[in-house]
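**Q** Structure file protein.pdb, PDB, N, CA and C atoms, pLDDT in the B column, is pasted below:
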```
ATOM      1  N   MET A   1      30.284 -38.129 -29.778  1.00 48.00           N
ATOM      2  CA  MET A   1      30.759 -38.225 -28.409  1.00 48.00           C
ATOM      3  C   MET A   1      29.973 -37.304 -27.486  1.00 48.00           C
ATOM      4  N   GLU A   2      29.580 -36.125 -27.973  1.00 61.00           N
ATOM      5  CA  GLU A   2      28.819 -35.176 -27.167  1.00 61.00           C
ATOM      6  C   GLU A   2      27.461 -35.760 -26.761  1.00 61.00           C
ATOM      7  N   LYS A   3      26.789 -36.462 -27.667  1.00 57.00           N
ATOM      8  CA  LYS A   3      25.497 -37.078 -27.395  1.00 57.00           C
ATOM      9  C   LYS A   3      25.630 -38.102 -26.270  1.00 57.00           C
ATOM     10  N   ARG A   4      26.664 -38.901 -26.327  1.00 64.00           N
ATOM     11  CA  ARG A   4      26.877 -39.916 -25.290  1.00 64.00           C
ATOM     12  C   ARG A   4      27.086 -39.269 -23.933  1.00 64.00           C
ATOM     13  N   ARG A   5      27.846 -38.202 -23.875  1.00 66.00           N
ATOM     14  CA  ARG A   5      28.093 -37.507 -22.606  1.00 66.00           C
ATOM     15  C   ARG A   5      26.795 -36.930 -22.053  1.00 66.00           C
ATOM     16  N   LEU A   6      25.965 -36.346 -22.907  1.00 63.00           N
ATOM     17  CA  LEU A   6      24.683 -35.809 -22.478  1.00 63.00           C
ATOM     18  C   LEU A   6      23.805 -36.914 -21.899  1.00 63.00           C
ATOM     19  N   LEU A   7      23.714 -38.039 -22.581  1.00 63.00           N
ATOM     20  CA  LEU A   7      22.898 -39.147 -22.094  1.00 63.00           C
ATOM     21  C   LEU A   7      23.426 -39.703 -20.781  1.00 63.00           C
ATOM     22  N   GLU A   8      24.732 -39.797 -20.647  1.00 68.00           N
ATOM     23  CA  GLU A   8      25.308 -40.277 -19.394  1.00 68.00           C
ATOM     24  C   GLU A   8      25.020 -39.304 -18.259  1.00 68.00           C
ATOM     25  N   ASN A   9      25.040 -38.007 -18.532  1.00 68.00           N
ATOM     26  CA  ASN A   9      24.710 -37.004 -17.521  1.00 68.00           C
ATOM     27  C   ASN A   9      23.251 -37.111 -17.088  1.00 68.00           C
ATOM     28  N   LEU A  10      22.376 -37.563 -17.996  1.00 66.00           N
ATOM     29  CA  LEU A  10      20.970 -37.765 -17.661  1.00 66.00           C
ATOM     30  C   LEU A  10      20.744 -39.092 -16.955  1.00 66.00           C
ATOM     31  N   GLY A  11      21.776 -39.895 -16.815  1.00 63.00           N
ATOM     32  CA  GLY A  11      21.660 -41.169 -16.114  1.00 63.00           C
ATOM     33  C   GLY A  11      21.525 -42.370 -17.015  1.00 63.00           C
ATOM     34  N   PHE A  12      21.740 -42.205 -18.322  1.00 60.00           N
ATOM     35  CA  PHE A  12      21.663 -43.317 -19.252  1.00 60.00           C
ATOM     36  C   PHE A  12      23.036 -43.967 -19.385  1.00 60.00           C
ATOM     37  N   ALA A  13      23.039 -45.288 -19.540  1.00 55.00           N
ATOM     38  CA  ALA A  13      24.273 -46.067 -19.451  1.00 55.00           C
ATOM     39  C   ALA A  13      25.076 -46.177 -20.729  1.00 55.00           C
ATOM     40  N   GLY A  14      24.798 -45.476 -21.773  1.00 55.00           N
ATOM     41  CA  GLY A  14      25.652 -45.451 -22.954  1.00 55.00           C
ATOM     42  C   GLY A  14      25.822 -46.768 -23.673  1.00 55.00           C
ATOM     43  N   THR A  15      26.217 -47.824 -22.982  1.00 56.00           N
ATOM     44  CA  THR A  15      26.472 -49.100 -23.640  1.00 56.00           C
ATOM     45  C   THR A  15      25.199 -49.692 -24.216  1.00 56.00           C
ATOM     46  N   ALA A  16      24.079 -49.543 -23.543  1.00 56.00           N
ATOM     47  CA  ALA A  16      22.811 -50.053 -24.070  1.00 56.00           C
ATOM     48  C   ALA A  16      22.424 -49.307 -25.333  1.00 56.00           C
ATOM     49  N   ILE A  17      22.689 -48.022 -25.366  1.00 53.00           N
ATOM     50  CA  ILE A  17      22.372 -47.221 -26.537  1.00 53.00           C
ATOM     51  C   ILE A  17      23.155 -47.725 -27.736  1.00 53.00           C
ATOM     52  N   GLU A  18      24.396 -48.058 -27.520  1.00 60.00           N
ATOM     53  CA  GLU A  18      25.230 -48.565 -28.606  1.00 60.00           C
ATOM     54  C   GLU A  18      24.784 -49.947 -29.063  1.00 60.00           C
ATOM     55  N   SER A  19      24.289 -50.787 -28.146  1.00 64.00           N
ATOM     56  CA  SER A  19      23.891 -52.146 -28.517  1.00 64.00           C
ATOM     57  C   SER A  19      22.514 -52.194 -29.168  1.00 64.00           C
ATOM     58  N   GLY A  20      21.681 -51.168 -28.944  1.00 73.00           N
ATOM     59  CA  GLY A  20      20.344 -51.135 -29.508  1.00 73.00           C
ATOM     60  C   GLY A  20      19.293 -51.848 -28.680  1.00 73.00           C
ATOM     61  N   LYS A  21      19.671 -52.457 -27.556  1.00 83.00           N
ATOM     62  CA  LYS A  21      18.724 -53.165 -26.701  1.00 83.00           C
ATOM     63  C   LYS A  21      17.996 -52.175 -25.797  1.00 83.00           C
ATOM     64  N   THR A  22      16.733 -52.474 -25.521  1.00 90.00           N
ATOM     65  CA  THR A  22      15.974 -51.655 -24.582  1.00 90.00           C
ATOM     66  C   THR A  22      16.387 -52.025 -23.166  1.00 90.00           C
ATOM     67  N   VAL A  23      16.691 -51.013 -22.379  1.00 91.00           N
ATOM     68  CA  VAL A  23      17.063 -51.216 -20.982  1.00 91.00           C
ATOM     69  C   VAL A  23      16.116 -50.392 -20.127  1.00 91.00           C
ATOM     70  N   ILE A  24      15.554 -51.039 -19.099  1.00 94.00           N
ATOM     71  CA  ILE A  24      14.631 -50.366 -18.193  1.00 94.00           C
ATOM     72  C   ILE A  24      15.173 -50.500 -16.779  1.00 94.00           C
ATOM     73  N   GLU A  25      15.099 -49.399 -16.056  1.00 94.00           N
ATOM     74  CA  GLU A  25      15.546 -49.377 -14.662  1.00 94.00           C
ATOM     75  C   GLU A  25      14.496 -48.641 -13.849  1.00 94.00           C
ATOM     76  N   MET A  26      14.174 -49.180 -12.686  1.00 96.00           N
ATOM     77  CA  MET A  26      13.234 -48.502 -11.798  1.00 96.00           C
ATOM     78  C   MET A  26      13.898 -48.228 -10.472  1.00 96.00           C
ATOM     79  N   GLU A  27      13.574 -47.074  -9.915  1.00 95.00           N
ATOM     80  CA  GLU A  27      14.029 -46.709  -8.573  1.00 95.00           C
ATOM     81  C   GLU A  27      12.789 -46.593  -7.713  1.00 95.00           C
ATOM     82  N   GLY A  28      12.527 -47.646  -6.941  1.00 95.00           N
ATOM     83  CA  GLY A  28      11.302 -47.695  -6.146  1.00 95.00           C
ATOM     84  C   GLY A  28      10.088 -47.619  -7.042  1.00 95.00           C
ATOM     85  N   ARG A  29       9.083 -46.902  -6.578  1.00 96.00           N
ATOM     86  CA  ARG A  29       7.874 -46.699  -7.384  1.00 96.00           C
ATOM     87  C   ARG A  29       7.792 -45.264  -7.868  1.00 96.00           C
ATOM     88  N   GLU A  30       8.911 -44.546  -7.772  1.00 97.00           N
ATOM     89  CA  GLU A  30       8.908 -43.129  -8.097  1.00 97.00           C
ATOM     90  C   GLU A  30       9.638 -42.753  -9.382  1.00 97.00           C
ATOM     91  N   ARG A  31      10.469 -43.631  -9.923  1.00 97.00           N
ATOM     92  CA  ARG A  31      11.278 -43.254 -11.091  1.00 97.00           C
ATOM     93  C   ARG A  31      11.428 -44.442 -12.033  1.00 97.00           C
ATOM     94  N   PHE A  32      11.179 -44.183 -13.314  1.00 97.00           N
ATOM     95  CA  PHE A  32      11.273 -45.195 -14.375  1.00 97.00           C
ATOM     96  C   PHE A  32      12.193 -44.634 -15.447  1.00 97.00           C
ATOM     97  N   VAL A  33      13.269 -45.357 -15.749  1.00 96.00           N
ATOM     98  CA  VAL A  33      14.249 -44.912 -16.743  1.00 96.00           C
ATOM     99  C   VAL A  33      14.280 -45.949 -17.865  1.00 96.00           C
ATOM    100  N   ILE A  34      14.187 -45.472 -19.100  1.00 95.00           N
ATOM    101  CA  ILE A  34      14.220 -46.380 -20.246  1.00 95.00           C
ATOM    102  C   ILE A  34      15.218 -45.865 -21.274  1.00 95.00           C
ATOM    103  N   GLU A  35      15.971 -46.769 -21.831  1.00 92.00           N
ATOM    104  CA  GLU A  35      16.906 -46.465 -22.914  1.00 92.00           C
ATOM    105  C   GLU A  35      16.468 -47.230 -24.155  1.00 92.00           C
ATOM    106  N   ASN A  36      16.623 -46.599 -25.293  1.00 91.00           N
ATOM    107  CA  ASN A  36      16.306 -47.197 -26.598  1.00 91.00           C
ATOM    108  C   ASN A  36      14.816 -47.425 -26.813  1.00 91.00           C
ATOM    109  N   HIS A  37      14.001 -46.465 -26.442  1.00 93.00           N
ATOM    110  CA  HIS A  37      12.588 -46.502 -26.805  1.00 93.00           C
ATOM    111  C   HIS A  37      12.453 -45.999 -28.240  1.00 93.00           C
ATOM    112  N   ARG A  38      11.259 -46.090 -28.788  1.00 93.00           N
ATOM    113  CA  ARG A  38      11.027 -45.651 -30.171  1.00 93.00           C
ATOM    114  C   ARG A  38      10.026 -44.501 -30.243  1.00 93.00           C
ATOM    115  N   GLY A  39       9.748 -43.863 -29.102  1.00 93.00           N
ATOM    116  CA  GLY A  39       8.886 -42.693 -29.111  1.00 93.00           C
ATOM    117  C   GLY A  39       7.705 -42.808 -28.168  1.00 93.00           C
ATOM    118  N   VAL A  40       7.071 -41.684 -27.917  1.00 95.00           N
ATOM    119  CA  VAL A  40       5.902 -41.608 -27.049  1.00 95.00           C
ATOM    120  C   VAL A  40       4.645 -41.856 -27.886  1.00 95.00           C
ATOM    121  N   VAL A  41       3.804 -42.742 -27.421  1.00 96.00           N
ATOM    122  CA  VAL A  41       2.547 -43.046 -28.081  1.00 96.00           C
ATOM    123  C   VAL A  41       1.413 -42.265 -27.419  1.00 96.00           C
ATOM    124  N   PHE A  42       1.453 -42.157 -26.089  1.00 97.00           N
ATOM    125  CA  PHE A  42       0.390 -41.522 -25.328  1.00 97.00           C
ATOM    126  C   PHE A  42       0.983 -40.985 -24.037  1.00 97.00           C
ATOM    127  N   MET A  43       0.484 -39.809 -23.587  1.00 97.00           N
ATOM    128  CA  MET A  43       1.002 -39.260 -22.340  1.00 97.00           C
ATOM    129  C   MET A  43      -0.052 -38.410 -21.637  1.00 97.00           C
ATOM    130  N   LYS A  44      -0.399 -38.821 -20.416  1.00 98.00           N
ATOM    131  CA  LYS A  44      -1.242 -38.066 -19.504  1.00 98.00           C
ATOM    132  C   LYS A  44      -0.636 -38.236 -18.116  1.00 98.00           C
ATOM    133  N   ASP A  45      -1.192 -37.560 -17.123  1.00 97.00           N
ATOM    134  CA  ASP A  45      -0.591 -37.645 -15.791  1.00 97.00           C
ATOM    135  C   ASP A  45      -0.834 -38.978 -15.092  1.00 97.00           C
ATOM    136  N   ASP A  46      -1.694 -39.850 -15.667  1.00 98.00           N
ATOM    137  CA  ASP A  46      -1.922 -41.157 -15.063  1.00 98.00           C
ATOM    138  C   ASP A  46      -1.499 -42.333 -15.954  1.00 98.00           C
ATOM    139  N   LEU A  47      -1.056 -42.031 -17.185  1.00 98.00           N
ATOM    140  CA  LEU A  47      -0.634 -43.105 -18.101  1.00 98.00           C
ATOM    141  C   LEU A  47       0.337 -42.567 -19.147  1.00 98.00           C
ATOM    142  N   ILE A  48       1.453 -43.264 -19.300  1.00 98.00           N
ATOM    143  CA  ILE A  48       2.420 -42.944 -20.350  1.00 98.00           C
ATOM    144  C   ILE A  48       2.709 -44.239 -21.102  1.00 98.00           C
ATOM    145  N   LYS A  49       2.608 -44.179 -22.438  1.00 98.00           N
ATOM    146  CA  LYS A  49       2.899 -45.343 -23.276  1.00 98.00           C
ATOM    147  C   LYS A  49       4.072 -44.993 -24.185  1.00 98.00           C
ATOM    148  N   LEU A  50       5.064 -45.877 -24.203  1.00 96.00           N
ATOM    149  CA  LEU A  50       6.235 -45.705 -25.049  1.00 96.00           C
ATOM    150  C   LEU A  50       6.342 -46.884 -25.999  1.00 96.00           C
ATOM    151  N   ARG A  51       6.689 -46.599 -27.242  1.00 95.00           N
ATOM    152  CA  ARG A  51       6.891 -47.646 -28.244  1.00 95.00           C
ATOM    153  C   ARG A  51       8.287 -48.240 -28.053  1.00 95.00           C
ATOM    154  N   LEU A  52       8.359 -49.562 -28.153  1.00 93.00           N
ATOM    155  CA  LEU A  52       9.624 -50.292 -28.104  1.00 93.00           C
ATOM    156  C   LEU A  52       9.872 -50.904 -29.469  1.00 93.00           C
ATOM    157  N   GLU A  53      11.040 -51.418 -29.670  1.00 90.00           N
ATOM    158  CA  GLU A  53      11.347 -52.062 -30.955  1.00 90.00           C
ATOM    159  C   GLU A  53      10.396 -53.223 -31.228  1.00 90.00           C
ATOM    160  N   ASP A  54      10.011 -53.946 -30.172  1.00 89.00           N
ATOM    161  CA  ASP A  54       9.178 -55.131 -30.350  1.00 89.00           C
ATOM    162  C   ASP A  54       7.839 -55.043 -29.619  1.00 89.00           C
ATOM    163  N   GLY A  55       7.324 -53.838 -29.421  1.00 93.00           N
ATOM    164  CA  GLY A  55       6.037 -53.701 -28.745  1.00 93.00           C
ATOM    165  C   GLY A  55       5.880 -52.345 -28.094  1.00 93.00           C
ATOM    166  N   MET A  56       5.297 -52.373 -26.893  1.00 96.00           N
ATOM    167  CA  MET A  56       5.015 -51.139 -26.195  1.00 96.00           C
ATOM    168  C   MET A  56       5.125 -51.377 -24.697  1.00 96.00           C
ATOM    169  N   VAL A  57       5.448 -50.326 -23.946  1.00 97.00           N
ATOM    170  CA  VAL A  57       5.431 -50.385 -22.490  1.00 97.00           C
ATOM    171  C   VAL A  57       4.501 -49.286 -22.004  1.00 97.00           C
ATOM    172  N   SER A  58       3.625 -49.637 -21.053  1.00 98.00           N
ATOM    173  CA  SER A  58       2.681 -48.695 -20.466  1.00 98.00           C
ATOM    174  C   SER A  58       3.019 -48.516 -18.996  1.00 98.00           C
ATOM    175  N   ILE A  59       3.169 -47.282 -18.574  1.00 98.00           N
ATOM    176  CA  ILE A  59       3.446 -46.949 -17.182  1.00 98.00           C
ATOM    177  C   ILE A  59       2.202 -46.250 -16.657  1.00 98.00           C
ATOM    178  N   SER A  60       1.552 -46.838 -15.666  1.00 98.00           N
ATOM    179  CA  SER A  60       0.363 -46.199 -15.108  1.00 98.00           C
ATOM    180  C   SER A  60       0.639 -45.806 -13.666  1.00 98.00           C
ATOM    181  N   GLY A  61      -0.034 -44.740 -13.235  1.00 98.00           N
ATOM    182  CA  GLY A  61       0.175 -44.261 -11.885  1.00 98.00           C
ATOM    183  C   GLY A  61      -0.519 -42.938 -11.650  1.00 98.00           C
ATOM    184  N   ALA A  62       0.085 -42.104 -10.830  1.00 98.00           N
ATOM    185  CA  ALA A  62      -0.483 -40.798 -10.497  1.00 98.00           C
ATOM    186  C   ALA A  62       0.621 -39.750 -10.554  1.00 98.00           C
ATOM    187  N   ASP A  63       0.253 -38.580 -11.010  1.00 98.00           N
ATOM    188  CA  ASP A  63       1.196 -37.453 -11.109  1.00 98.00           C
ATOM    189  C   ASP A  63       2.435 -37.805 -11.925  1.00 98.00           C
ATOM    190  N   LEU A  64       2.254 -38.583 -12.994  1.00 98.00           N
ATOM    191  CA  LEU A  64       3.379 -38.977 -13.840  1.00 98.00           C
ATOM    192  C   LEU A  64       3.810 -37.799 -14.701  1.00 98.00           C
ATOM    193  N   LYS A  65       5.112 -37.655 -14.860  1.00 97.00           N
ATOM    194  CA  LYS A  65       5.648 -36.621 -15.744  1.00 97.00           C
ATOM    195  C   LYS A  65       6.951 -37.111 -16.343  1.00 97.00           C
ATOM    196  N   MET A  66       7.310 -36.532 -17.459  1.00 96.00           N
ATOM    197  CA  MET A  66       8.535 -36.864 -18.158  1.00 96.00           C
ATOM    198  C   MET A  66       9.605 -35.880 -17.683  1.00 96.00           C
ATOM    199  N   ASP A  67      10.541 -36.369 -16.867  1.00 95.00           N
ATOM    200  CA  ASP A  67      11.613 -35.507 -16.356  1.00 95.00           C
ATOM    201  C   ASP A  67      12.686 -35.252 -17.397  1.00 95.00           C
ATOM    202  N   ALA A  68      12.922 -36.228 -18.246  1.00 94.00           N
ATOM    203  CA  ALA A  68      13.917 -36.096 -19.317  1.00 94.00           C
ATOM    204  C   ALA A  68      13.440 -36.916 -20.502  1.00 94.00           C
ATOM    205  N   PHE A  69      13.762 -36.421 -21.687  1.00 93.00           N
ATOM    206  CA  PHE A  69      13.354 -37.134 -22.892  1.00 93.00           C
ATOM    207  C   PHE A  69      14.346 -36.827 -23.994  1.00 93.00           C
ATOM    208  N   SER A  70      14.753 -37.863 -24.702  1.00 91.00           N
ATOM    209  CA  SER A  70      15.597 -37.701 -25.881  1.00 91.00           C
ATOM    210  C   SER A  70      15.169 -38.761 -26.889  1.00 91.00           C
ATOM    211  N   ALA A  71      15.795 -38.750 -28.035  1.00 85.00           N
ATOM    212  CA  ALA A  71      15.482 -39.746 -29.061  1.00 85.00           C
ATOM    213  C   ALA A  71      15.768 -41.159 -28.565  1.00 85.00           C
ATOM    214  N   ASN A  72      16.656 -41.312 -27.592  1.00 84.00           N
ATOM    215  CA  ASN A  72      17.038 -42.638 -27.107  1.00 84.00           C
ATOM    216  C   ASN A  72      16.556 -42.973 -25.707  1.00 84.00           C
ATOM    217  N   GLY A  73      16.322 -41.980 -24.880  1.00 92.00           N
ATOM    218  CA  GLY A  73      16.002 -42.280 -23.490  1.00 92.00           C
ATOM    219  C   GLY A  73      14.919 -41.394 -22.927  1.00 92.00           C
ATOM    220  N   ALA A  74      14.340 -41.869 -21.822  1.00 95.00           N
ATOM    221  CA  ALA A  74      13.315 -41.091 -21.137  1.00 95.00           C
ATOM    222  C   ALA A  74      13.357 -41.420 -19.650  1.00 95.00           C
ATOM    223  N   VAL A  75      12.988 -40.422 -18.851  1.00 97.00           N
ATOM    224  CA  VAL A  75      12.877 -40.604 -17.405  1.00 97.00           C
ATOM    225  C   VAL A  75      11.480 -40.155 -17.001  1.00 97.00           C
ATOM    226  N   VAL A  76      10.735 -41.066 -16.382  1.00 97.00           N
ATOM    227  CA  VAL A  76       9.384 -40.791 -15.912  1.00 97.00           C
ATOM    228  C   VAL A  76       9.406 -40.794 -14.393  1.00 97.00           C
ATOM    229  N   SER A  77       8.757 -39.797 -13.792  1.00 98.00           N
ATOM    230  CA  SER A  77       8.667 -39.777 -12.331  1.00 98.00           C
ATOM    231  C   SER A  77       7.221 -39.578 -11.925  1.00 98.00           C
ATOM    232  N   GLY A  78       6.935 -39.857 -10.675  1.00 98.00           N
ATOM    233  CA  GLY A  78       5.590 -39.786 -10.115  1.00 98.00           C
ATOM    234  C   GLY A  78       5.361 -41.037  -9.294  1.00 98.00           C
ATOM    235  N   PHE A  79       4.114 -41.329  -8.964  1.00 98.00           N
ATOM    236  CA  PHE A  79       3.815 -42.572  -8.262  1.00 98.00           C
ATOM    237  C   PHE A  79       3.449 -43.626  -9.300  1.00 98.00           C
ATOM    238  N   ILE A  80       4.296 -44.632  -9.457  1.00 98.00           N
ATOM    239  CA  ILE A  80       4.098 -45.679 -10.465  1.00 98.00           C
ATOM    240  C   ILE A  80       3.332 -46.834  -9.843  1.00 98.00           C
ATOM    241  N   LYS A  81       2.155 -47.097 -10.392  1.00 98.00           N
ATOM    242  CA  LYS A  81       1.322 -48.210  -9.900  1.00 98.00           C
ATOM    243  C   LYS A  81       1.624 -49.501 -10.624  1.00 98.00           C
ATOM    244  N   SER A  82       1.862 -49.411 -11.956  1.00 98.00           N
ATOM    245  CA  SER A  82       2.136 -50.624 -12.721  1.00 98.00           C
ATOM    246  C   SER A  82       2.908 -50.307 -13.991  1.00 98.00           C
ATOM    247  N   VAL A  83       3.599 -51.348 -14.482  1.00 97.00           N
ATOM    248  CA  VAL A  83       4.308 -51.290 -15.752  1.00 97.00           C
ATOM    249  C   VAL A  83       3.867 -52.531 -16.518  1.00 97.00           C
ATOM    250  N   GLU A  84       3.364 -52.332 -17.729  1.00 97.00           N
ATOM    251  CA  GLU A  84       2.882 -53.454 -18.552  1.00 97.00           C
ATOM    252  C   GLU A  84       3.546 -53.419 -19.923  1.00 97.00           C
ATOM    253  N   PHE A  85       3.817 -54.611 -20.444  1.00 96.00           N
ATOM    254  CA  PHE A  85       4.381 -54.747 -21.780  1.00 96.00           C
ATOM    255  C   PHE A  85       3.334 -55.333 -22.716  1.00 96.00           C
ATOM    256  N   ASP A  86       3.208 -54.750 -23.895  1.00 92.00           N
ATOM    257  CA  ASP A  86       2.269 -55.239 -24.914  1.00 92.00           C
ATOM    258  C   ASP A  86       3.041 -55.658 -26.137  1.00 92.00           C
TER     259      ASP A  86
END
```
Will you turn the file into structure tokens for me?

**A**
Amino acid sequence: MEKRRLLENLGFAGTAIESGKTVIEMEGRERFVIENHRGVVFMKDDLIKLRLEDGMVSISGADLKMDAFSANGAVVSGFIKSVEFD
């Protein structure tokens, strides 16, 4: 129960974590929130790649940083130019 409360405080929706589905939410071009990723593959200030259950997601942009990170969720901020799925 404590883990769920922590994730909800970070802005993660809890129900997606329980279902195992990947959920992605964007706020403009400045914030990218993902639930149920499988880890960081690559990270620089212009590109972040996260492993998904069925592939990968690449976030490219400028001044990208990981504002929050856990085994289940991550929050990326900066100027997001594109999001690609592989």

**Q** Can you tell me, as a VMD selection string, what residues are no more than 6.5 Å from Val41 in chain A when counting only N, CA and C atoms, ignoring any on the same chain fewer than 3 positions away?

**A** chain A and resid 49 to 51

**Q** Could you tell me which of A:Lys21, A:Ala62, A:Lys81, A:Asp46 comes closest to Ile34 in chain A if we count only C-alpha atoms?

**A**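 Among the listed residues, A:Lys21 lies closest to Ile34 in chain A.
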
**Q** Would you compute, for all listed atoms of range 62-77 of chain A, the axis-aligned bounding box grown by 4 Å on each side, and then report its centre and edge lengths in Å rounded to one decimal, as AutoDock Vina command-line options?

**A**
```
--center_x 8.3 --center_y -39.1 --center_z -19.8 --size_x 25.5 --size_y 15.7 --size_z 26.6
```

**Q** Selected by the PyMOL selection byres ((chain A and resi 72) around 6.5) in the shown coordinates: which residues, as number ranges by chain?

**A** A: 34-37, 69-71, 73-74

**Q** Work out how far atom N of Arg38 in chain A is from CA of Asp54 in chain A, in Å to one decimal.

**A** 9.4 Å

**Q** Using only C-alpha atoms, which protein or nucleic acid residues come within 9 Å of Lys65 in chain A? Drop anything in the same chain fewer than 4 positions from it, and give the result as a list in words.

**A** Met43, Lys44, Asp45, Asp46, Ile48, Val75, Val76, Ser77 and Gly78 of chain A
